[in-house]
Amino acid sequence: MIYKNKFIKTAVLFLCGGISSRLKTNNVMHPKVLIPIKNDRCSLDFCFDLFKSSKNCEFYINYSEEYDLFNNYIEKKKGSFHNINKIIEKKPSGTVRPILKVLKEKDYDQILVINGDTICKIKINILYNFHISNNSNFTLVSNYISDVSSSGLLELDNKKLLSIIEKSKMKIPGWVNSGIYLINKNY
């Protein structure tokens, strides 16, 4: 990414290794991020859409080895996005392990992490400008919704994150984790 004429080496990691415990489907062997949801497009397609004008990024997709469907998906995407790398796990390991693996892979300045089931109309360049102009080491994108019961509720103090209450079951409005993070390497 470029900020004030300075190139910042950034990796983009799509986390797709989750178990899909809240998704009620008979498609057990089909990862939720590849299930068609609109016009035969899956949530991972919408994640890649965020980078239509940023094709010089290096992409990583983290997923479980049991899903051969990702290999077909990645091959199709390589026509538009050439730098797609795979992080294949025997079983889901959470968020931190894939992030550390990508940061060890090459000398990146920062990593943009996006949950593969996130559908968001964020403008990536605005996120980068916000992150850098605020001298942030860790930026988390959030949404305000009317019912936080099935989301990660953010406890904030003047825009500073104090904690995340995962799937709180509280039916109240509030700010929730959108599943998009921009993290500096040295954080």
# chains A, B, ... in the order shown; residues from 1 in each chain; ligands from 1
>>> select_by_dssp(residues="chain A", states="strand (DSSP E)", output="ChimeraX atom specification")
/A:2-3,6-7,10-15,58-64,84-89,110-115,138-145,153-157,160-165,174-184
>>> closest_atom_pairs(of="stretch 75-118 of chain A", to="stretch 165-184 of chain A", cutoff="12 Å", atoms="only C-alpha atoms", output="CSV")
residue,atom,partner,partner_atom,distance
A:Thr95,CA,A:Gly179,CA,10.5
A:Val96,CA,A:Ile183,CA,11.6
A:Ile99,CA,A:Ile183,CA,9.5
A:Leu100,CA,A:Ile183,CA,11.2
A:Val102,CA,A:Ile183,CA,12.0
A:Leu103,CA,A:Asn184,CA,9.8
A:Asp107,CA,A:Asn184,CA,11.6
A:Tyr108,CA,A:Asn184,CA,8.7
A:Asp109,CA,A:Asn184,CA,6.1
A:Gln110,CA,A:Asn184,CA,4.3
A:Ile111,CA,A:Ile183,CA,5.4
A:Leu112,CA,A:Leu182,CA,4.5
A:Val113,CA,A:Tyr181,CA,5.1
A:Ile114,CA,A:Ile180,CA,4.5
A:Asn115,CA,A:Gly179,CA,5.1
A:Gly116,CA,A:Gly179,CA,8.5
A:Asp117,CA,A:Gly179,CA,8.5
A:Thr118,CA,A:Gly179,CA,6.4
>>> atom_distance(atom1="atom CA of A:Leu127", atom2="atom CA of A:Asp147")
24.9 Å
>>> residues_around(residues="A:Gly94", least_positions_apart="5", cutoff="12 Å", atoms="only C-alpha atoms", output="ChimeraX atom specification")
/A:15-19,62-64,89,99-100,115
>>> closest_residue(among="A:Ala11, A:Cys120, A:Cys47, A:Leu161", to="A:Asn85", atoms="only C-alpha atoms")
A:Ala11
